[in-house]
Amino acid sequence: MADTLYTSWGRFPQIAQQGLRLAWRGDELPEPLEGTSSLLPYGNGRSYGDVCLNRGGTVIDTRSLNRFVSFDAETGVLRCESGVLLSQILELCVPKGWFLPVSPGTRYVTIGGALANDVHGKNHHKAGTLGCHVRALELLRSDGSRQLCTPDENADLFAATIGGLGLTGLVTWVEIALRKIDGPLLREESIKFANLQEFFRLSELSDADYEYTVAWIDCIAKGASLGRGLFARANHTDSKSQVVDVDRGARVSVPFQPPFSLINRLSLKSFNAFWYMRQRQKQHTRTIHHRPFFYPLDTIGDWNHIYGPRGMLQYQCVLPGEDGRAVLRNMLSDIASKGSGSFLVVLKIFGDRESPGMLSFPRPGVTLALDFPNTPDVFRQLDRLDAMTREVGGAVYPAKDARMSAESFQSYFPRWKEFAGFVDPAFSSSFWRRVTGDKL
Ligand SMILES: Cc1cc2nc3c(=O)[nH]c(=O)nc-3n(C[C@H](O)[C@H](O)[C@H](O)COP(=O)(O)OP(=O)(O)OC[C@H]3O[C@@H](n4cnc5c(N)ncnc54)[C@H](O)[C@@H]3O)c2cc1C
């Protein structure tokens, strides 16, 4: 089945992408569609840029690989096909007292896609990346072989496939270790902070005692208020008292695509000021259902449409050490002075648990993530941010990227050549060709 409906979440780049579906984990790998030259697995298209796209190639849609294989409710070990969504895992395991060990900010991603980007969550400082909790996977290669990969068996191929951007073959099933919980709720504190210095202090004070920490920041604030925002820290709880934010399951959608981006200097300034002032007290505590806590954006369907037909670019970098903190300040000043960015700006400190993937993005340091409407100026601005990231030995997240240069990629991911040795000869992606100059 060929069609052209495969896009990424940022809706940039916009390409006519052909794809076909794999129906069953025992099926053989298909040949690329006629007139195309390579294959790439496609999860649920929640990557922002082009890691899930393959211009001139064929994507293999994995969403019909949506079956659970086994689940042990005593040990929390789950094996499922790679196209199972995190939302489906949560539906199965939360009522049985288990939770995802690591979750990104949307539950509408497949476990195969999450593994291929080695995703991180608000608990990175405690739990590391998703790959730290993967016990085994099966990899289907274009020579027809099926490789069982674990941290001990085919260990190199395992390390290449975790965070391997879909390039080492197609993952048919994944086995992960879940995390025990007492119920679906969390106790959350939201603390207002006045500037970056306070953010770093709050992180240092919170990371030992709170499993989840993350901050929203106002990217328009300048001077003494640079980096002001709201710091959220939370733990799972079995207490049912004072539940103020239940999961109402309500879902609204952006009903149409506006002809231009609704995010501009003016809307951004007003929204950010409103959001920062909305919490009047310094600190606010509530008990909250896991869905609004982990996935607030999932309640607004197609929110990416607010950026208009040109789409948006997301930028997420990690900046290590003290120098990274100074560079973060420069980046935020650059963004505030241009009035660019969006209201979705996140700051978090990554911990030092090592990521198991050769190309995994997280490493110790502060990580900043924000969206930019796709305007003519944004590419120059992002090149500037890249230069700052390179300067301190940081990295930019491929899952969010659509434009980083080969030079940047190769400096962010020094093991890329070793990784290239594990790439399946029939597989490629728009991202990979851009950052390596590979022709396939
Ligand atoms: C609102 C929102 C919030 C987000 N928050 C976070 C966050 O907090 N942390 C974070 O880390 N990320 C975050 N992301 C990014 C998202 O989690 C990742 O991009 C994720 O990998 C998307 O999964 P997907 O199933 O949509 O896969 P796709 O985007 O379709 O594909 C992602 C990669 O996986 C590969 N792939 C897919 N299936 C397979 C398979 N079966 N075998 C081999 N390779 C495969 C693809 O080739 C591609 O390289 C967020 C995204 C959104 C939209």
# chains A, B, ... in the order shown; residues from 1 in each chain; ligands from 1
$ select_by_dssp --residues "range 122-353 of chain A" --states "alpha helix (DSSP H)" --output "PyMOL selection string"
chain A and resi 124-127+155-161+196-206+265-278+290-294+321-338
$ residues_near_ligand --ligand "ligand 1" --cutoff "8 Å" --atoms "only C-alpha atoms and all ligand atoms" --output "NGL selection string"
:A and (8-9 or 40-48 or 51-53 or 59 or 61-62 or 82-83 or 85 or 103-106 or 108-122 or 139 or 161 or 164-173 or 295 or 297-298 or 399-400 or 429)
$ write_last_selection --atoms "C-alpha atoms" --output "mmCIF file, in the first residue's frame"
data_model
loop_
_atom_site.group_PDB
_atom_site.id
_atom_site.type_symbol
_atom_site.label_atom_id
_atom_site.label_comp_id
_atom_site.auth_asym_id
_atom_site.auth_seq_id
_atom_site.Cartn_x
_atom_site.Cartn_y
_atom_site.Cartn_z
ATOM 1 C CA SER A 8 6.696 14.469 11.037
ATOM 2 C CA TRP A 9 5.281 16.461 13.935
ATOM 3 C CA LEU A 40 13.133 3.279 7.025
ATOM 4 C CA PRO A 41 10.797 2.206 9.856
ATOM 5 C CA TYR A 42 8.084 4.736 10.762
ATOM 6 C CA GLY A 43 6.482 4.785 14.224
ATOM 7 C CA ASN A 44 3.780 7.358 14.895
ATOM 8 C CA GLY A 45 5.501 10.375 13.298
ATOM 9 C CA ARG A 46 5.917 12.226 16.624
ATOM 10 C CA SER A 47 9.523 13.118 15.858
ATOM 11 C CA TYR A 48 9.655 16.766 14.911
ATOM 12 C CA VAL A 51 14.578 11.180 11.457
ATOM 13 C CA CYS A 52 11.307 9.415 10.558
ATOM 14 C CA LEU A 53 11.315 10.536 6.903
ATOM 15 C CA VAL A 59 8.941 4.104 5.041
ATOM 16 C CA ASP A 61 4.643 1.877 8.834
ATOM 17 C CA THR A 62 4.803 -0.216 12.023
ATOM 18 C CA SER A 82 7.183 -2.363 18.298
ATOM 19 C CA GLY A 83 4.131 -0.458 17.032
ATOM 20 C CA LEU A 85 1.728 3.007 21.633
ATOM 21 C CA SER A 103 8.100 8.602 29.426
ATOM 22 C CA PRO A 104 8.403 11.443 26.916
ATOM 23 C CA GLY A 105 5.915 14.352 26.949
ATOM 24 C CA THR A 106 3.403 12.578 24.714
ATOM 25 C CA TYR A 108 1.171 8.854 21.366
ATOM 26 C CA VAL A 109 4.526 7.401 20.408
ATOM 27 C CA THR A 110 5.262 3.782 19.596
ATOM 28 C CA ILE A 111 7.629 1.787 21.777
ATOM 29 C CA GLY A 112 9.786 1.129 18.680
ATOM 30 C CA GLY A 113 10.003 4.838 17.889
ATOM 31 C CA ALA A 114 10.738 5.668 21.547
ATOM 32 C CA LEU A 115 13.552 3.115 21.589
ATOM 33 C CA ALA A 116 15.040 4.316 18.283
ATOM 34 C CA ASN A 117 15.399 7.834 19.737
ATOM 35 C CA ASP A 118 16.278 6.510 23.214
ATOM 36 C CA VAL A 119 13.782 8.953 24.700
ATOM 37 C CA HIS A 120 14.133 10.648 28.072
ATOM 38 C CA GLY A 121 11.594 12.044 30.502
ATOM 39 C CA LYS A 122 11.186 14.217 33.568
ATOM 40 C CA LEU A 139 15.899 -6.823 14.989
ATOM 41 C CA THR A 161 19.891 0.058 17.897
ATOM 42 C CA GLY A 164 19.852 4.090 16.409
ATOM 43 C CA LEU A 165 17.297 6.265 14.554
ATOM 44 C CA GLY A 166 15.743 3.265 12.781
ATOM 45 C CA LEU A 167 18.888 2.666 10.725
ATOM 46 C CA THR A 168 20.105 -0.696 12.035
ATOM 47 C CA GLY A 169 17.014 -2.643 10.892
ATOM 48 C CA LEU A 170 13.397 -2.980 11.934
ATOM 49 C CA VAL A 171 12.684 -3.711 15.605
ATOM 50 C CA THR A 172 9.799 -6.203 15.661
ATOM 51 C CA TRP A 173 9.315 -6.494 19.438
ATOM 52 C CA TYR A 295 0.949 14.639 28.848
ATOM 53 C CA LEU A 297 -0.331 18.645 25.311
ATOM 54 C CA ASP A 298 -2.059 15.387 24.431
ATOM 55 C CA ALA A 399 14.471 13.445 17.285
ATOM 56 C CA LYS A 400 13.697 17.157 17.250
ATOM 57 C CA SER A 429 16.728 8.357 6.211
#
$ closest_residue --among "A:Thr389, A:Thr299, A:Ser360, A:Ser64" --to "Gly324 in chain A" --atoms "only C-alpha atoms"
A:Thr389
$ residues_around --residues "range 267-280 of chain A" --least-positions-apart "5" --cutoff "7 Å" --atoms "only C-alpha atoms" --output "VMD selection string"
chain A and resid 218 220 229 342 to 343
$ closest_atom_pairs --of "range 340-369 of chain A" --to "range 221-228 of chain A" --cutoff "12 Å" --atoms "only C-alpha atoms" --output "CSV"
residue,atom,partner,partner_atom,distance
A:Ser340,CA,A:Ala221,CA,11.5
A:Gly341,CA,A:Ala221,CA,11.7
A:Phe343,CA,A:Ala221,CA,11.6
A:Val345,CA,A:Gly227,CA,10.1
A:Val346,CA,A:Gly227,CA,10.4
A:Leu347,CA,A:Gly227,CA,9.2
A:Leu368,CA,A:Gly227,CA,10.9
$ write_last_selection --atoms "C-alpha atoms" --output "PDB file, in the first residue's frame"
ATOM      1  CA  SER A 340      11.423  34.349  18.861  1.00  0.00           C
ATOM      2  CA  GLY A 341      10.691  30.939  20.304  1.00  0.00           C
ATOM      3  CA  PHE A 343       5.430  29.362  24.797  1.00  0.00           C
ATOM      4  CA  VAL A 345       9.932  26.134  26.502  1.00  0.00           C
ATOM      5  CA  VAL A 346      11.311  23.479  28.795  1.00  0.00           C
ATOM      6  CA  LEU A 347      14.414  23.370  30.964  1.00  0.00           C
ATOM      7  CA  LEU A 368      16.715  23.368  26.829  1.00  0.00           C
TER       8      LEU A 368
END
$ residues_around --residues "range 10-13 of chain A" --least-positions-apart "6" --cutoff "9 Å" --atoms "only C-alpha atoms" --output "mmCIF file with N, CA and C atoms, in the first residue's frame"
data_model
loop_
_atom_site.group_PDB
_atom_site.id
_atom_site.type_symbol
_atom_site.label_atom_id
_atom_site.label_comp_id
_atom_site.auth_asym_id
_atom_site.auth_seq_id
_atom_site.Cartn_x
_atom_site.Cartn_y
_atom_site.Cartn_z
ATOM 1 N N ARG A 46 5.863 11.170 15.590
ATOM 2 C CA ARG A 46 5.917 12.226 16.624
ATOM 3 C C ARG A 46 7.311 12.834 16.730
ATOM 4 N N SER A 47 8.255 12.389 15.922
ATOM 5 C CA SER A 47 9.523 13.118 15.858
ATOM 6 C C SER A 47 9.250 14.407 15.110
ATOM 7 N N TYR A 48 9.986 15.453 15.478
ATOM 8 C CA TYR A 48 9.655 16.766 14.911
ATOM 9 C C TYR A 48 10.204 16.987 13.502
ATOM 10 N N GLY A 49 11.354 16.380 13.199
ATOM 11 C CA GLY A 49 12.025 16.726 11.944
ATOM 12 C C GLY A 49 12.040 15.593 10.946
ATOM 13 N N ASP A 50 13.248 15.143 10.559
ATOM 14 C CA ASP A 50 13.308 14.178 9.465
ATOM 15 C C ASP A 50 13.935 12.843 9.829
ATOM 16 N N LEU A 53 11.658 10.329 8.314
ATOM 17 C CA LEU A 53 11.315 10.536 6.903
ATOM 18 C C LEU A 53 12.448 10.037 6.016
ATOM 19 N N ASN A 304 0.086 21.157 16.769
ATOM 20 C CA ASN A 304 1.161 21.617 15.866
ATOM 21 C C ASN A 304 0.628 22.464 14.714
ATOM 22 N N HIS A 305 -0.688 22.430 14.477
ATOM 23 C CA HIS A 305 -1.254 23.225 13.365
ATOM 24 C C HIS A 305 -1.246 24.726 13.647
ATOM 25 N N TYR A 307 1.076 26.535 14.102
ATOM 26 C CA TYR A 307 2.221 27.186 13.458
ATOM 27 C C TYR A 307 1.996 27.456 11.970
ATOM 28 N N PRO A 309 0.897 26.778 7.829
ATOM 29 C CA PRO A 309 1.294 25.807 6.803
ATOM 30 C C PRO A 309 2.800 25.584 6.677
ATOM 31 N N ARG A 310 3.611 26.522 7.152
ATOM 32 C CA ARG A 310 5.067 26.337 7.033
ATOM 33 C C ARG A 310 5.647 25.467 8.142
ATOM 34 N N GLY A 311 4.814 25.181 9.138
ATOM 35 C CA GLY A 311 5.274 24.296 10.202
ATOM 36 C C GLY A 311 6.226 24.984 11.183
ATOM 37 N N MET A 312 6.923 24.175 11.953
ATOM 38 C CA MET A 312 7.827 24.722 12.983
ATOM 39 C C MET A 312 9.058 23.854 13.105
ATOM 40 N N LEU A 313 10.044 24.415 13.788
ATOM 41 C CA LEU A 313 11.249 23.643 14.098
ATOM 42 C C LEU A 313 11.395 23.614 15.610
ATOM 43 N N GLN A 314 11.725 22.455 16.117
ATOM 44 C CA GLN A 314 12.011 22.409 17.547
ATOM 45 C C GLN A 314 13.521 22.350 17.715
ATOM 46 N N ASP A 371 10.185 25.400 20.691
ATOM 47 C CA ASP A 371 9.733 25.428 19.294
ATOM 48 C C ASP A 371 9.981 26.809 18.698
ATOM 49 N N ASN A 374 8.486 28.358 11.677
ATOM 50 C CA ASN A 374 9.400 28.322 10.531
ATOM 51 C C ASN A 374 9.341 29.648 9.772
ATOM 52 N N LYS A 400 14.374 15.867 17.363
ATOM 53 C CA LYS A 400 13.697 17.157 17.250
ATOM 54 C C LYS A 400 14.228 17.965 16.071
ATOM 55 N N ALA A 402 15.633 19.112 12.161
ATOM 56 C CA ALA A 402 15.375 19.036 10.719
ATOM 57 C C ALA A 402 16.415 19.798 9.919
#
$ residues_around --residues "Glu189 in chain A" --least-positions-apart "6" --cutoff "6 Å" --atoms "only C-alpha atoms" --output "CSV table (one decimal) with C-alpha atoms, in the first residue's frame"
chain,number,residue,atom,x,y,z
A,232,ALA,CA,7.5,21.4,38.8
A,233,ARG,CA,8.6,18.5,41.0
A,284,HIS,CA,1.4,25.5,44.8
A,285,THR,CA,0.8,21.9,45.7
$ closest_residue --among "A:Ile162, A:Leu130, A:Ala23, A:Met388" --to "Asn330 in chain A" --atoms "only C-alpha atoms"
A:Met388
$ closest_residue --among "A:Pro356, A:Cys219, A:Asp152, A:Gln381" --to "Leu332 in chain A" --atoms "only C-alpha atoms"
A:Cys219
$ atom_distance --atom1 "CA of Arg55 in chain A" --atom2 "CA of Glu31 in chain A"
15.9 Å
$ atom_distance --atom1 "CA of Ala136 in chain A" --atom2 "CA of Arg25 in chain A"
15.1 Å
$ closest_atom_pairs --of "range 219-329 of chain A" --to "range 201-213 of chain A" --cutoff "12 Å" --atoms "only C-alpha atoms" --output "tab-separated table"
residue	atom	partner	partner_atom	distance
A:Gly229	CA	A:Leu202	CA	11.5
A:Leu230	CA	A:Leu202	CA	10.5
A:Phe231	CA	A:Thr213	CA	7.4
A:Ala232	CA	A:Thr213	CA	5.7
A:Arg233	CA	A:Thr213	CA	4.4
A:Ala234	CA	A:Tyr212	CA	5.2
A:Asn235	CA	A:Glu211	CA	5.5
A:His236	CA	A:Glu211	CA	8.1
A:Thr237	CA	A:Glu211	CA	11.3
A:His290	CA	A:Tyr212	CA	11.6
A:Phe293	CA	A:Tyr212	CA	10.1
A:Phe294	CA	A:Tyr212	CA	9.7
$ residues_around --residues "Asp182 in chain A" --least-positions-apart "5" --cutoff "10 Å" --atoms "only C-alpha atoms" --output "ChimeraX atom specification"
/A:94-99,236-239
$ write_last_selection --atoms "N, CA and C atoms" --output "short mmCIF file (atom, residue, chain, number, x, y, z; two decimals), in the first residue's frame"
data_model
loop_
_atom_site.label_atom_id
_atom_site.label_comp_id
_atom_site.auth_asym_id
_atom_site.auth_seq_id
_atom_site.Cartn_x
_atom_site.Cartn_y
_atom_site.Cartn_z
N VAL A 94 -1.16 0.45 34.19
CA VAL A 94 -1.45 1.29 35.37
C VAL A 94 -2.47 0.61 36.30
N PRO A 95 -3.58 0.06 35.78
CA PRO A 95 -4.51 -0.61 36.71
C PRO A 95 -3.87 -1.79 37.46
N LYS A 96 -2.78 -2.31 36.92
CA LYS A 96 -2.10 -3.45 37.59
C LYS A 96 -0.95 -2.97 38.47
N GLY A 97 -0.80 -1.65 38.61
CA GLY A 97 0.22 -1.12 39.54
C GLY A 97 1.60 -0.96 38.92
N TRP A 98 1.66 -0.76 37.59
CA TRP A 98 2.96 -0.56 36.95
C TRP A 98 2.91 0.67 36.05
N PHE A 99 4.07 1.27 35.83
CA PHE A 99 4.15 2.49 35.02
C PHE A 99 5.37 2.40 34.11
N HIS A 236 5.22 9.86 42.61
CA HIS A 236 4.00 9.06 42.61
C HIS A 236 3.47 9.03 44.05
N THR A 237 2.15 8.95 44.20
CA THR A 237 1.56 8.90 45.54
C THR A 237 0.40 7.93 45.57
N ASP A 238 0.14 7.37 46.76
CA ASP A 238 -1.06 6.53 46.87
C ASP A 238 -2.17 7.31 47.57
N SER A 239 -1.86 8.57 47.98
CA SER A 239 -2.86 9.37 48.67
C SER A 239 -3.92 9.84 47.68
#
$ atom_distance --atom1 "CA of Gly365 in chain A" --atom2 "CA of Asp386 in chain A"
15.8 Å
$ closest_residue --among "A:Leu328, A:Ala215, A:Pro373, A:Cys80" --to "Phe260 in chain A" --atoms "only C-alpha atoms"
A:Pro373
